[in-house]
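Student: If it helps, the file is called query.txt and holds compact mmCIF, C-alpha atoms:
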```txt
# COMPACT_ATOMS: atom_id res chain seq x y z
CA MET E 75 -81.16 32.31 -150.45
CA SER E 76 -80.93 30.01 -147.42
CA LEU E 77 -80.20 26.91 -149.49
CA ARG E 78 -77.28 27.00 -151.89
CA LEU E 79 -76.32 24.41 -154.49
CA ILE E 80 -72.75 23.70 -155.50
CA THR E 81 -71.87 21.04 -158.07
CA THR E 82 -68.27 19.95 -158.41
CA ASP E 83 -66.73 18.00 -161.30
CA ILE E 84 -69.90 16.09 -162.20
CA TYR E 85 -69.23 13.35 -164.70
CA LYS E 86 -71.93 11.20 -166.28
CA SER E 87 -71.97 8.86 -169.26
CA TYR E 88 -74.50 6.48 -170.78
CA ASN E 89 -73.15 3.36 -172.50
CA GLY E 90 -69.77 5.00 -172.91
CA ASN E 91 -71.21 8.25 -174.31
CA GLU E 92 -70.02 11.16 -172.22
CA VAL E 93 -72.91 13.51 -171.34
CA LEU E 94 -71.47 15.60 -168.52
CA ARG E 95 -67.75 16.24 -168.07
CA ASP E 96 -66.27 17.98 -165.05
CA CYS E 97 -69.44 20.01 -164.75
CA SER E 98 -69.10 22.52 -161.91
CA PHE E 99 -71.26 25.47 -160.93
CA SER E 100 -72.36 27.36 -157.82
CA PHE E 101 -75.98 28.45 -157.56
CA GLU E 102 -75.60 30.97 -154.76
CA LYS E 103 -77.85 33.84 -155.80
CA SER E 104 -81.63 33.80 -155.87
CA GLY E 105 -83.66 34.32 -159.05
CA ILE E 106 -84.23 32.37 -162.22
CA TYR E 107 -81.34 30.35 -163.64
CA VAL E 108 -81.96 29.18 -167.18
CA LEU E 109 -79.77 26.44 -168.56
CA THR E 110 -79.88 26.31 -172.32
CA GLY E 111 -78.13 24.40 -175.08
CA HIS E 112 -78.92 22.11 -177.98
CA ASN E 113 -80.92 18.89 -177.53
CA GLY E 114 -78.88 16.13 -175.93
CA CYS E 115 -76.22 18.45 -174.50
CA GLY E 116 -76.85 17.19 -170.96
CA LYS E 117 -79.10 19.89 -169.49
CA SER E 118 -81.78 17.49 -168.26
CA THR E 119 -79.21 15.01 -166.96
CA PHE E 120 -77.58 17.78 -164.96
CA LEU E 121 -80.93 18.79 -163.47
CA ARG E 122 -81.85 15.21 -162.64
CA ILE E 123 -78.54 14.71 -160.89
CA CYS E 124 -79.02 17.92 -158.89
CA ALA E 125 -82.50 16.72 -157.85
CA PHE E 126 -81.17 13.22 -156.91
CA VAL E 127 -83.24 11.47 -159.57
CA GLU E 128 -79.98 10.13 -161.02
CA GLN E 129 -76.54 9.50 -159.59
CA PRO E 130 -73.41 10.96 -161.20
CA ASP E 131 -70.60 8.59 -162.16
CA SER E 132 -68.28 10.90 -160.23
CA GLY E 133 -68.32 14.38 -158.77
CA GLU E 134 -70.35 15.93 -155.99
CA VAL E 135 -73.69 17.64 -155.54
CA GLN E 136 -73.65 19.66 -152.36
CA TYR E 137 -76.42 21.65 -150.73
CA ILE E 138 -75.47 24.17 -148.07
CA SER E 139 -78.10 25.47 -145.72
CA ASN E 140 -77.70 28.45 -143.43
CA ASP E 141 -80.28 27.16 -140.97
CA GLU E 142 -79.49 23.41 -141.01
CA PRO E 143 -75.75 22.70 -141.07
CA THR E 144 -76.03 18.92 -141.40
CA LEU E 145 -78.68 18.22 -143.99
CA LYS E 146 -80.11 14.70 -143.88
CA ASP E 147 -81.12 13.09 -147.18
CA LEU E 148 -84.91 13.15 -146.75
CA SER E 149 -85.09 16.58 -145.15
CA LEU E 150 -82.98 17.96 -148.00
CA ARG E 151 -85.08 16.22 -150.66
CA ARG E 152 -88.10 17.86 -149.11
CA ARG E 153 -86.65 21.34 -149.57
CA ILE E 154 -86.07 20.96 -153.31
CA THR E 155 -88.19 19.48 -156.08
CA LEU E 156 -88.10 18.81 -159.78
CA VAL E 157 -90.94 19.17 -162.28
CA LEU E 158 -90.36 16.74 -165.11
CA PRO E 159 -91.02 17.59 -168.80
CA ARG E 160 -94.00 15.20 -168.64
CA ALA E 161 -95.45 15.99 -165.23
CA GLY E 162 -96.46 12.40 -164.31
CA ILE E 163 -99.98 13.23 -163.23
CA PHE E 164 -101.67 10.77 -160.86
CA ASN E 165 -105.02 9.19 -161.76
CA THR E 166 -107.09 11.19 -159.28
CA THR E 167 -108.56 14.68 -159.03
CA VAL E 168 -106.63 17.87 -159.72
CA PHE E 169 -106.95 18.72 -156.01
CA ASN E 170 -105.55 15.37 -154.83
CA ASN E 171 -102.65 15.69 -157.25
CA ALA E 172 -101.76 19.10 -155.89
CA ALA E 173 -102.18 17.87 -152.30
CA TYR E 174 -99.84 14.88 -152.78
CA GLY E 175 -96.72 16.52 -151.39
CA LEU E 176 -98.58 17.61 -148.26
CA LYS E 177 -100.21 14.22 -147.76
CA ILE E 178 -96.86 12.40 -147.74
CA ARG E 179 -95.60 14.93 -145.20
CA GLY E 180 -98.59 14.23 -142.97
CA ILE E 181 -100.11 17.69 -143.49
CA ARG E 182 -103.88 17.34 -143.74
CA GLY E 183 -107.07 19.16 -142.81
CA SER E 184 -107.93 22.80 -143.32
CA GLU E 185 -104.31 23.96 -143.50
CA ALA E 186 -103.61 21.56 -146.37
CA ARG E 187 -106.86 22.48 -148.12
CA GLN E 188 -106.13 26.19 -147.98
CA ARG E 189 -102.57 25.75 -149.24
CA VAL E 190 -103.70 23.57 -152.14
CA GLU E 191 -106.53 25.92 -153.13
CA ARG E 192 -104.19 28.92 -153.01
CA VAL E 193 -101.65 27.22 -155.26
CA LEU E 194 -104.30 25.97 -157.69
CA ASP E 195 -105.62 29.52 -157.98
CA PHE E 196 -102.04 30.72 -158.49
CA VAL E 197 -101.60 28.48 -161.55
CA GLY E 198 -105.15 29.11 -162.81
CA LEU E 199 -106.60 25.69 -162.05
CA GLY E 200 -108.83 26.62 -159.12
CA GLN E 201 -111.99 26.01 -161.14
CA LYS E 202 -110.86 22.51 -162.12
CA LYS E 203 -109.93 21.18 -158.70
CA ASP E 204 -112.60 18.45 -158.68
CA GLN E 205 -111.92 17.28 -162.23
CA ASN E 206 -109.96 14.06 -162.91
CA ALA E 207 -106.44 15.24 -163.61
CA LEU E 208 -105.98 12.87 -166.55
CA THR E 209 -108.68 14.73 -168.46
CA VAL E 210 -107.03 18.18 -168.40
CA SER E 211 -105.06 19.53 -171.38
CA SER E 212 -101.30 19.02 -171.62
CA GLY E 213 -100.70 22.69 -170.79
CA GLU E 214 -102.92 22.43 -167.72
CA ALA E 215 -101.19 19.17 -166.74
CA GLN E 216 -97.86 20.97 -166.81
CA ARG E 217 -99.30 23.78 -164.68
CA LEU E 218 -100.63 21.14 -162.30
CA GLY E 219 -97.11 19.67 -162.11
CA ILE E 220 -95.85 23.11 -161.08
CA ALA E 221 -98.69 23.51 -158.56
CA ARG E 222 -97.88 20.11 -157.06
CA ALA E 223 -94.30 21.23 -156.59
CA LEU E 224 -95.20 24.71 -155.32
CA VAL E 225 -97.58 23.47 -152.66
CA ILE E 226 -94.66 22.00 -150.70
CA GLU E 227 -92.99 25.42 -150.75
CA PRO E 228 -89.58 24.34 -152.07
CA GLU E 229 -86.61 26.63 -151.71
CA ILE E 230 -85.13 25.46 -155.00
CA LEU E 231 -87.44 24.41 -157.82
CA PHE E 232 -86.01 22.60 -160.84
CA LEU E 233 -88.06 22.82 -164.02
CA ASP E 234 -86.98 20.51 -166.82
CA GLU E 235 -88.20 21.88 -170.17
CA PRO E 236 -91.48 23.09 -168.62
CA THR E 237 -92.94 24.29 -171.92
CA ALA E 238 -91.58 21.63 -174.28
CA SER E 239 -94.91 19.89 -174.83
CA VAL E 240 -97.39 22.76 -174.48
CA ASP E 241 -98.96 25.23 -176.91
CA GLN E 242 -98.03 28.90 -177.29
CA LYS E 243 -100.83 30.13 -175.05
CA ASN E 244 -99.82 27.83 -172.18
CA THR E 245 -96.15 28.67 -172.75
CA GLY E 246 -97.01 32.30 -172.01
CA ILE E 247 -99.03 31.34 -168.93
CA ILE E 248 -96.23 29.11 -167.58
CA GLU E 249 -93.60 31.80 -168.16
CA GLU E 250 -95.76 34.25 -166.23
CA ILE E 251 -96.17 31.70 -163.40
CA ILE E 252 -92.39 31.28 -163.27
CA ARG E 253 -91.85 35.05 -162.97
CA ARG E 254 -94.51 35.32 -160.26
CA MET E 255 -93.02 32.38 -158.34
CA LYS E 256 -89.75 34.27 -158.11
CA GLU E 257 -91.34 37.58 -157.14
CA GLU E 258 -94.16 36.50 -154.84
CA ARG E 259 -92.84 33.24 -153.40
CA LYS E 260 -89.08 33.95 -153.46
CA VAL E 261 -88.33 30.52 -154.94
CA THR E 262 -84.98 29.99 -156.64
CA ILE E 263 -85.75 28.44 -160.01
CA ILE E 264 -83.29 26.44 -162.06
CA MET E 265 -84.80 25.49 -165.39
CA THR E 266 -83.74 24.06 -168.71
CA THR E 267 -84.97 25.03 -172.14
CA HIS E 268 -83.75 24.44 -175.66
CA ASP E 269 -85.53 27.65 -176.72
CA ARG E 270 -82.90 30.43 -176.66
CA GLU E 271 -85.52 33.18 -177.02
CA GLN E 272 -87.43 31.89 -174.03
CA ALA E 273 -84.18 31.66 -172.07
CA SER E 274 -83.41 35.33 -172.79
CA ARG E 275 -86.98 36.34 -171.95
CA ILE E 276 -87.10 34.97 -168.42
CA ALA E 277 -83.54 34.35 -167.20
CA ASP E 278 -81.91 36.34 -164.42
CA HIS E 279 -78.83 34.16 -164.89
CA LEU E 280 -78.41 32.66 -168.35
CA LEU E 281 -76.19 29.58 -168.52
CA VAL E 282 -75.17 27.76 -171.68
CA MET E 283 -74.27 24.10 -171.64
CA LYS E 284 -71.77 22.95 -174.21
CA ASP E 285 -69.60 19.81 -174.42
CA GLY E 286 -70.95 18.59 -171.08
CA LYS E 287 -69.95 21.73 -169.21
CA ILE E 288 -71.73 24.87 -168.02
CA ASN E 289 -70.32 28.04 -169.52
CA MET G 178 -136.58 -28.70 -177.86
CA SER G 179 -139.83 -28.59 -175.90
CA SER G 180 -138.18 -30.34 -172.92
CA ILE G 181 -135.46 -27.66 -172.89
CA LEU G 182 -138.08 -24.91 -172.93
CA GLU G 183 -140.01 -26.70 -170.22
CA GLY G 184 -136.80 -26.99 -168.23
CA PHE G 185 -136.20 -23.24 -168.55
CA SER G 186 -139.78 -22.50 -167.55
CA GLN G 187 -139.47 -24.62 -164.40
CA ALA G 188 -136.03 -23.15 -163.72
CA PHE G 189 -137.40 -19.59 -163.76
CA SER G 190 -140.24 -20.73 -161.52
CA LEU G 191 -137.65 -22.04 -159.02
CA ILE G 192 -135.75 -18.76 -159.19
CA LEU G 193 -138.89 -16.65 -158.80
CA HIS G 194 -140.09 -18.63 -155.80
CA LEU G 195 -136.55 -18.64 -154.40
CA ASP G 196 -136.58 -22.25 -153.36
CA ALA G 197 -134.86 -22.78 -149.96
CA GLU G 198 -132.54 -25.47 -151.31
CA LEU G 199 -131.58 -23.24 -154.21
CA LEU G 200 -130.95 -20.29 -151.92
CA GLY G 201 -128.75 -22.39 -149.62
CA ILE G 202 -126.66 -23.56 -152.57
CA ILE G 203 -126.26 -20.01 -153.92
CA LEU G 204 -125.27 -18.60 -150.53
CA LEU G 205 -122.72 -21.36 -149.91
CA SER G 206 -121.22 -20.78 -153.37
CA ILE G 207 -120.84 -17.08 -152.71
CA LYS G 208 -119.46 -17.72 -149.20
CA VAL G 209 -116.85 -20.26 -150.39
CA SER G 210 -115.77 -18.20 -153.41
CA GLY G 211 -115.82 -14.94 -151.43
CA CYS G 212 -113.61 -16.35 -148.65
CA ALA G 213 -111.25 -17.87 -151.23
CA LEU G 214 -111.02 -14.52 -152.99
CA ILE G 215 -110.20 -12.69 -149.76
CA ILE G 216 -107.40 -15.18 -148.97
CA ALA G 217 -106.08 -15.02 -152.55
CA THR G 218 -106.10 -11.21 -152.49
CA ILE G 219 -104.39 -10.96 -149.09
CA THR G 220 -101.63 -13.31 -150.26
CA GLY G 221 -101.53 -12.56 -153.99
CA LEU G 222 -101.48 -8.76 -153.93
CA PRO G 223 -98.27 -8.43 -151.84
CA ILE G 224 -96.55 -11.04 -154.03
CA GLY G 225 -97.66 -9.16 -157.16
CA ALA G 226 -96.43 -5.90 -155.64
CA VAL G 227 -93.02 -7.36 -154.74
CA LEU G 228 -92.67 -8.78 -158.27
CA GLY G 229 -93.84 -5.52 -159.85
CA LEU G 230 -91.72 -3.18 -157.77
CA GLY G 231 -88.71 -5.14 -156.59
CA LYS G 232 -85.44 -6.13 -158.19
CA PHE G 233 -84.04 -9.45 -157.03
CA PRO G 234 -82.44 -12.61 -158.43
CA MET G 235 -84.79 -15.16 -160.02
CA LYS G 236 -87.48 -12.50 -160.51
CA GLU G 237 -88.16 -13.50 -164.13
CA THR G 238 -88.29 -17.18 -163.17
CA SER G 239 -90.77 -16.39 -160.38
CA ILE G 240 -93.00 -14.49 -162.83
CA THR G 241 -92.89 -17.39 -165.31
CA ILE G 242 -93.83 -19.89 -162.57
CA LEU G 243 -96.67 -17.64 -161.44
CA ASN G 244 -97.98 -17.25 -164.98
CA THR G 245 -97.83 -21.03 -165.43
CA PHE G 246 -99.87 -21.50 -162.25
CA MET G 247 -102.61 -19.30 -163.74
CA GLY G 248 -103.49 -22.27 -165.92
CA LEU G 249 -103.45 -24.82 -163.09
CA PRO G 250 -105.87 -27.68 -163.87
CA PRO G 251 -108.48 -27.62 -161.05
CA VAL G 252 -108.65 -31.40 -160.82
CA VAL G 253 -104.89 -31.55 -160.21
CA VAL G 254 -105.26 -28.97 -157.42
CA GLY G 255 -108.12 -31.04 -156.03
CA LEU G 256 -106.04 -34.20 -156.20
CA PHE G 257 -103.04 -32.67 -154.38
CA LEU G 258 -105.26 -31.15 -151.71
CA TYR G 259 -107.09 -34.46 -151.32
CA LEU G 260 -103.76 -36.23 -150.74
CA LEU G 261 -102.74 -33.55 -148.22
CA LEU G 262 -106.05 -33.51 -146.33
CA SER G 263 -107.04 -37.18 -146.42
CA ARG G 264 -106.71 -39.14 -143.18
CA SER G 265 -103.39 -40.67 -144.23
CA GLY G 266 -102.07 -37.33 -145.57
CA PRO G 267 -99.77 -34.91 -143.70
CA LEU G 268 -102.68 -32.59 -142.83
CA GLY G 269 -105.19 -35.36 -142.18
CA PHE G 270 -105.24 -34.63 -138.44
CA MET G 271 -107.07 -31.38 -139.19
CA SER G 272 -110.13 -33.27 -140.51
CA LEU G 273 -110.76 -30.75 -143.24
CA LEU G 274 -111.61 -33.09 -146.09
CA TYR G 275 -115.23 -32.79 -147.28
CA THR G 276 -115.74 -29.47 -145.50
CA PRO G 277 -116.35 -25.97 -146.90
CA THR G 278 -112.89 -25.04 -145.53
CA ALA G 279 -111.27 -27.55 -147.88
CA MET G 280 -113.24 -26.03 -150.76
CA ILE G 281 -112.10 -22.53 -149.77
CA LEU G 282 -108.49 -23.78 -149.71
CA ALA G 283 -108.84 -25.31 -153.17
CA GLN G 284 -110.35 -22.16 -154.64
CA SER G 285 -107.73 -19.99 -152.94
CA VAL G 286 -104.97 -22.01 -154.60
CA LEU G 287 -106.64 -21.45 -157.97
CA ALA G 288 -107.33 -17.73 -157.43
CA PHE G 289 -103.95 -16.82 -155.92
CA PRO G 290 -101.87 -16.94 -159.15
CA ILE G 291 -104.52 -14.93 -161.01
CA VAL G 292 -104.56 -12.15 -158.41
CA ALA G 293 -100.76 -12.17 -158.03
CA SER G 294 -99.99 -12.30 -161.75
CA ILE G 295 -102.50 -9.66 -162.85
CA SER G 296 -101.48 -7.42 -159.93
CA HIS G 297 -97.85 -7.81 -160.98
CA SER G 298 -98.68 -6.88 -164.59
CA ALA G 299 -100.75 -3.88 -163.46
CA ILE G 300 -98.04 -2.59 -161.10
CA ALA G 301 -95.18 -3.23 -163.54
CA GLY G 302 -97.22 -1.47 -166.23
CA VAL G 303 -97.51 1.81 -164.32
CA ASP G 304 -95.67 4.56 -166.19
CA PRO G 305 -92.16 4.93 -164.64
CA ILE G 306 -92.75 8.70 -164.61
CA ILE G 307 -95.12 8.16 -161.64
CA LYS G 308 -92.27 6.74 -159.55
CA GLN G 309 -90.03 9.67 -160.49
CA ALA G 310 -92.72 12.29 -159.91
CA SER G 311 -93.52 10.83 -156.50
CA SER G 312 -89.86 10.66 -155.55
CA THR G 313 -89.11 14.24 -156.65
CA LEU G 314 -91.97 15.44 -154.43
CA GLY G 315 -90.15 14.03 -151.41
CA ALA G 316 -91.82 10.64 -150.98
CA THR G 317 -89.98 7.91 -149.06
CA PRO G 318 -89.36 4.61 -150.96
CA LEU G 319 -92.37 3.08 -149.17
CA GLN G 320 -94.59 6.04 -150.14
CA VAL G 321 -93.36 5.79 -153.74
CA SER G 322 -94.29 2.09 -153.81
CA TRP G 323 -97.73 2.80 -152.34
CA THR G 324 -98.30 5.52 -154.94
CA VAL G 325 -97.44 3.10 -157.76
CA ILE G 326 -99.79 0.45 -156.29
CA THR G 327 -102.54 3.07 -156.02
CA GLU G 328 -102.03 4.01 -159.66
CA ALA G 329 -102.39 0.32 -160.58
CA ARG G 330 -105.64 -0.04 -158.59
CA TYR G 331 -107.93 -0.57 -161.59
CA GLY G 332 -105.64 -3.27 -163.00
CA ILE G 333 -105.48 -4.93 -159.58
CA MET G 334 -109.28 -4.81 -159.30
CA SER G 335 -109.50 -6.44 -162.73
CA GLY G 336 -107.35 -9.28 -161.42
CA VAL G 337 -109.52 -9.73 -158.33
CA ILE G 338 -112.71 -9.74 -160.42
CA ALA G 339 -111.21 -12.19 -162.93
CA ALA G 340 -110.19 -14.49 -160.07
CA PHE G 341 -113.72 -14.33 -158.64
CA GLY G 342 -115.08 -15.27 -162.05
CA ARG G 343 -112.80 -18.28 -162.19
CA VAL G 344 -113.55 -19.63 -158.72
CA MET G 345 -117.31 -19.14 -159.05
CA ALA G 346 -117.30 -21.29 -162.19
CA GLU G 347 -114.93 -23.91 -160.75
CA VAL G 348 -116.11 -27.48 -160.27
CA GLY G 349 -113.23 -30.02 -160.47
CA SER G 350 -111.25 -29.33 -157.31
CA ILE G 351 -114.19 -28.58 -155.02
CA LEU G 352 -115.95 -31.74 -156.12
CA ILE G 353 -112.88 -33.75 -155.06
CA VAL G 354 -112.20 -32.03 -151.70
CA GLY G 355 -115.78 -31.01 -150.88
CA GLY G 356 -117.54 -34.22 -151.75
CA ASN G 357 -120.75 -32.48 -152.90
CA ILE G 358 -122.61 -33.22 -149.65
CA ALA G 359 -126.20 -31.90 -149.76
CA GLY G 360 -126.74 -28.93 -147.48
CA TYR G 361 -123.08 -28.87 -146.43
CA THR G 362 -120.61 -28.70 -149.33
CA ARG G 363 -122.96 -28.60 -152.32
CA VAL G 364 -122.44 -25.45 -154.39
CA MET G 365 -123.87 -24.27 -157.71
CA THR G 366 -121.38 -25.89 -160.06
CA THR G 367 -121.31 -29.25 -158.30
CA THR G 368 -125.11 -29.28 -158.14
CA ILE G 369 -125.34 -28.62 -161.89
CA ALA G 370 -123.01 -31.56 -162.54
CA LEU G 371 -124.96 -33.85 -160.20
CA GLU G 372 -128.46 -32.86 -161.32
CA THR G 373 -127.48 -33.19 -164.99
CA ASP G 374 -126.26 -36.73 -164.26
CA LYS G 375 -129.60 -37.49 -162.61
CA GLY G 376 -131.56 -36.01 -165.51
CA ASN G 377 -133.06 -33.38 -163.19
CA PHE G 378 -132.59 -30.45 -165.55
CA GLU G 379 -134.85 -27.88 -163.83
CA LEU G 380 -132.56 -27.25 -160.86
CA ALA G 381 -129.47 -27.56 -163.06
CA LEU G 382 -130.87 -24.99 -165.51
CA ALA G 383 -131.99 -22.67 -162.72
CA LEU G 384 -128.49 -22.71 -161.27
CA GLY G 385 -127.03 -22.34 -164.75
CA VAL G 386 -129.09 -19.20 -165.31
CA ILE G 387 -127.98 -17.79 -161.94
CA LEU G 388 -124.34 -18.68 -162.64
CA LEU G 389 -124.58 -16.99 -166.04
CA SER G 390 -126.16 -13.91 -164.41
CA ILE G 391 -123.32 -13.75 -161.87
CA SER G 392 -120.82 -14.15 -164.73
CA LEU G 393 -122.57 -11.31 -166.57
CA ILE G 394 -122.39 -9.08 -163.48
CA ILE G 395 -118.69 -9.92 -163.04
CA ASN G 396 -117.97 -9.08 -166.69
CA VAL G 397 -119.92 -5.81 -166.53
CA ALA G 398 -117.95 -4.89 -163.40
CA LEU G 399 -114.69 -5.88 -165.11
CA HIS G 400 -115.54 -3.79 -168.17
CA PHE G 401 -116.46 -0.82 -165.97
CA VAL G 402 -113.22 -1.09 -163.97
CA GLN G 403 -111.08 -1.42 -167.10
CA LYS G 404 -112.85 1.52 -168.73
CA LYS G 405 -112.30 3.65 -165.65
CA GLY G 406 -108.64 2.63 -165.53
CA THR G 407 -107.97 3.70 -169.10
CA ALA G 408 -110.00 6.93 -169.01
CA GLY G 409 -107.78 9.78 -170.11
CA LEU G 410 -104.18 9.62 -171.25
CA ARG G 411 -101.23 9.77 -168.88
CA ARG G 412 -99.63 13.22 -168.77
```
Please express what this file holds, its structure, as structure tokens.

Tutor:
Amino acid sequence: MSLRLITTDIYKSYNGNEVLRDCSFSFEKSGIYVLTGHNGCGKSTFLRICAFVEQPDSGEVQYISNDEPTLKDLSLRRRITLVLPRAGIFNTTVFNNAAYGLKIRGIRGSEARQRVERVLDFVGLGQKKDQNALTVSSGEAQRLGIARALVIEPEILFLDEPTASVDQKNTGIIEEIIRRMKEERKVTIIMTTHDREQASRIADHLLVMKDGKIN
Amino acid sequence: MSSILEGFSQAFSLILHLDAELLGIILLSIKVSGCALIIATITGLPIGAVLGLGKFPMKETSITILNTFMGLPPVVVGLFLYLLLSRSGPLGFMSLLYTPTAMILAQSVLAFPIVASISHSAIAGVDPIIKQASSTLGATPLQVSWTVITEARYGIMSGVIAAFGRVMAEVGSILIVGGNIAGYTRVMTTTIALETDKGNFELALALGVILLSISLIINVALHFVQKKGTAGLRR
């Protein structure tokens, strides 16, 4: 694992309600970390803070890279990514959605096309690449969200409740994709789920969040 | 009743034979309104984007002012421009009064708030999840903004089409600053007003039919764009 994540004493509150309190953890091993806990315990907030979508009130999120000692903000943000519970699909084709991360990095042409097609095949959406992405099912949209993240080859992939709004069949497919991402693509995955059974099924490292802290 | 039918019959004859005078009037109308629309889009879209994406003091006040300007009375716009462009006005040295340029300016002023306000609404209405998704994929703030504007494209196009509809049908301001000079500043709406006054209903009706057809085309386009923009639910 060339990129390590260390959080130290993260504190976050909304309108005076404490969500995270002195939340510290080191993600130093590769594999699948599953953060579980009851609804509203702060799992998603923690993930969003780690992915720089939100700022903590206090505390520190630190990424340590073996190959790049002084990580700049943008270059770091381009080595990690977060898939939101509702993927936020763009109003264009499935292919263009998946290619977004490459386009903003200036990667185009045959290299980009091949990478996108490979990832779409990986998540089982290869046949739908020319379809408008807003017309796919919610399970497929979630898989597209994962494909969009995977295409940029992140070292750490955050998945916030990836199966919360999908049916049982797609839950199984997404779980299988998560396992294959770890094995075939060597991505470190940090995901949240409120489903304890799912957490036990796929976690290499099971973490429980309680009272704003990781136990 | 028979005179109206006769008027329509002669109007269709004029359209079918594509009378040179009629053609000149139609082309000038499209040229003036088209140029005004381009100016309004170039200026209105960035303003709408800044209002839709930015956070700054007086933002709400700016939006309210812009929305108020959407209902600007054309004759008032014409009056102000007349005062600015007349020989004794501050811009009188440019000799723009009673020229197509003055008409383009007047229509631009009327179209600008429509483009800016509808663009603002379309951009502000984009699901915040788009901004987050774009940002988590490593986009720079500028790329995030461009992504949001792209997502609002159908709403923005609706604004541009609506503005075109308004300026094509406009008569008050262009009559004041254009002067309705035959073969030079005479457009469809001003011709209808003039010919109706003269009792020459054939040309007025012919232009009315064409104006209605253009309005129909604009509305079909608007409907198509809006339908495309709402196809599928956001995921």

Student: For chain E against chain G, with a cut-off of 7 Å and counting all atoms listed in the file, what is the closest atom pair and its distance in Å to one decimal for every residue that makes the cut, ordered by chain and number, as JSON lines?

Tutor:
```
{"residue": "E:Arg151", "atom": "CA", "partner": "G:Gly315", "partner_atom": "CA", "distance": 5.6}
{"residue": "E:Arg152", "atom": "CA", "partner": "G:Gly315", "partner_atom": "CA", "distance": 4.9}
{"residue": "E:Thr155", "atom": "CA", "partner": "G:Thr313", "partner_atom": "CA", "distance": 5.4}
{"residue": "E:Leu156", "atom": "CA", "partner": "G:Thr313", "partner_atom": "CA", "distance": 5.6}
{"residue": "E:Arg160", "atom": "CA", "partner": "G:Arg412", "partner_atom": "CA", "distance": 6.0}
{"residue": "E:Ala161", "atom": "CA", "partner": "G:Arg412", "partner_atom": "CA", "distance": 6.1}
{"residue": "E:Gly162", "atom": "CA", "partner": "G:Ile307", "partner_atom": "CA", "distance": 5.2}
{"residue": "E:Ile163", "atom": "CA", "partner": "G:Arg412", "partner_atom": "CA", "distance": 5.6}
{"residue": "E:Phe164", "atom": "CA", "partner": "G:Glu328", "partner_atom": "CA", "distance": 6.9}
{"residue": "E:Asn165", "atom": "CA", "partner": "G:Glu328", "partner_atom": "CA", "distance": 6.3}
{"residue": "E:Gly175", "atom": "CA", "partner": "G:Leu314", "partner_atom": "CA", "distance": 5.7}
{"residue": "E:Ile178", "atom": "CA", "partner": "G:Ala316", "partner_atom": "CA", "distance": 6.2}
{"residue": "E:Leu208", "atom": "CA", "partner": "G:Gly409", "partner_atom": "CA", "distance": 5.0}
{"residue": "E:Thr209", "atom": "CA", "partner": "G:Gly409", "partner_atom": "CA", "distance": 5.3}
{"residue": "E:Ser212", "atom": "CA", "partner": "G:Arg412", "partner_atom": "CA", "distance": 6.7}
{"residue": "E:Ala215", "atom": "CA", "partner": "G:Arg412", "partner_atom": "CA", "distance": 6.5}
{"residue": "E:Ala223", "atom": "CA", "partner": "G:Leu314", "partner_atom": "CA", "distance": 6.6}
```

Student: Please determine the residues with any atom at most 8 Å from (-93.7, 23.5, -149.3) (coordinates as given in the file, with all atoms listed in the file counting) and report them as a VMD selection string.

Tutor: chain E and resid 152 to 153 175 to 176 223 to 228

Student: Of the residues E:Asp147, E:Glu229, E:Asp234, E:Glu185, which is the one nearest to Thr110 (chain E), using only C-alpha atoms?

Tutor: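 The answer is E:Asp234, which sits nearest to Thr110 (chain E).
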
Student: For CA of Asn244 (chain G) and CA of Ile333 (chain G), quote the distance in Å rounded to one decimal.

Tutor: 15.4 Å

Student: Please return the centre and edge lengths, in Å to one decimal, of a box with edges along x, y and z that contains all listed atoms of region 360-363 of chain G, widened by 8 Å on every side, as lines of an AutoDock Vina configuration file.

Tutor:
```
center_x = -123.7
center_y = -28.8
center_z = -149.4
size_x = 22.1
size_y = 16.3
size_z = 21.9
```

Student: Using all atoms listed in the file, which protein or nucleic acid residues come within 10 Å of Ala226 (chain G)? Drop anything in the same chain fewer than 6 positions from it, and give the result as a count of residues only.

Tutor: 14

Student: What is the distance, in Å and to one decimal place, between CA of Ser184 (chain E) and CA of Asp141 (chain E)?

Tutor: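 Those two atoms sit 28.1 Å apart.
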
Student: If we count only C-alpha atoms and set the cut-off at 7 Å, which residues sit around region 346-350 of chain G, ignoring sequence neighbours fewer than 3 positions away in its own chain? Please answer as a list in words.

Tutor: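 Listing them by chain and then by number gives Pro251, Val252, Val254, Gly255, Ala283, Gly342, Arg343, Ile353, Val354, Thr366 and Thr367 of chain G.
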
Student: Which residues, written as an mmCIF file with C-alpha atoms, in the coordinates of the input, have at least one atom at most 9 Å from Val240 (chain E), with all atoms listed in the file counted and residues fewer than 5 positions away on the same chain left out?

Tutor:
```cif
data_model
loop_
_atom_site.group_PDB
_atom_site.id
_atom_site.type_symbol
_atom_site.label_atom_id
_atom_site.label_comp_id
_atom_site.auth_asym_id
_atom_site.auth_seq_id
_atom_site.Cartn_x
_atom_site.Cartn_y
_atom_site.Cartn_z
ATOM 1 C CA SER E 211 -105.060 19.530 -171.380
ATOM 2 C CA SER E 212 -101.300 19.020 -171.620
ATOM 3 C CA GLY E 213 -100.700 22.690 -170.790
ATOM 4 C CA GLU E 214 -102.920 22.430 -167.720
ATOM 5 C CA GLN E 216 -97.860 20.970 -166.810
ATOM 6 C CA THR E 245 -96.150 28.670 -172.750
#
```

Student: So the first atom is CA of Ile207 (chain G) and the second is CA of Thr362 (chain G); what is the distance between them in Å, to one decimal place?

Tutor: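 Atom-to-atom, CA of Ile207 (chain G) to CA of Thr362 (chain G), that is 12.1 Å.
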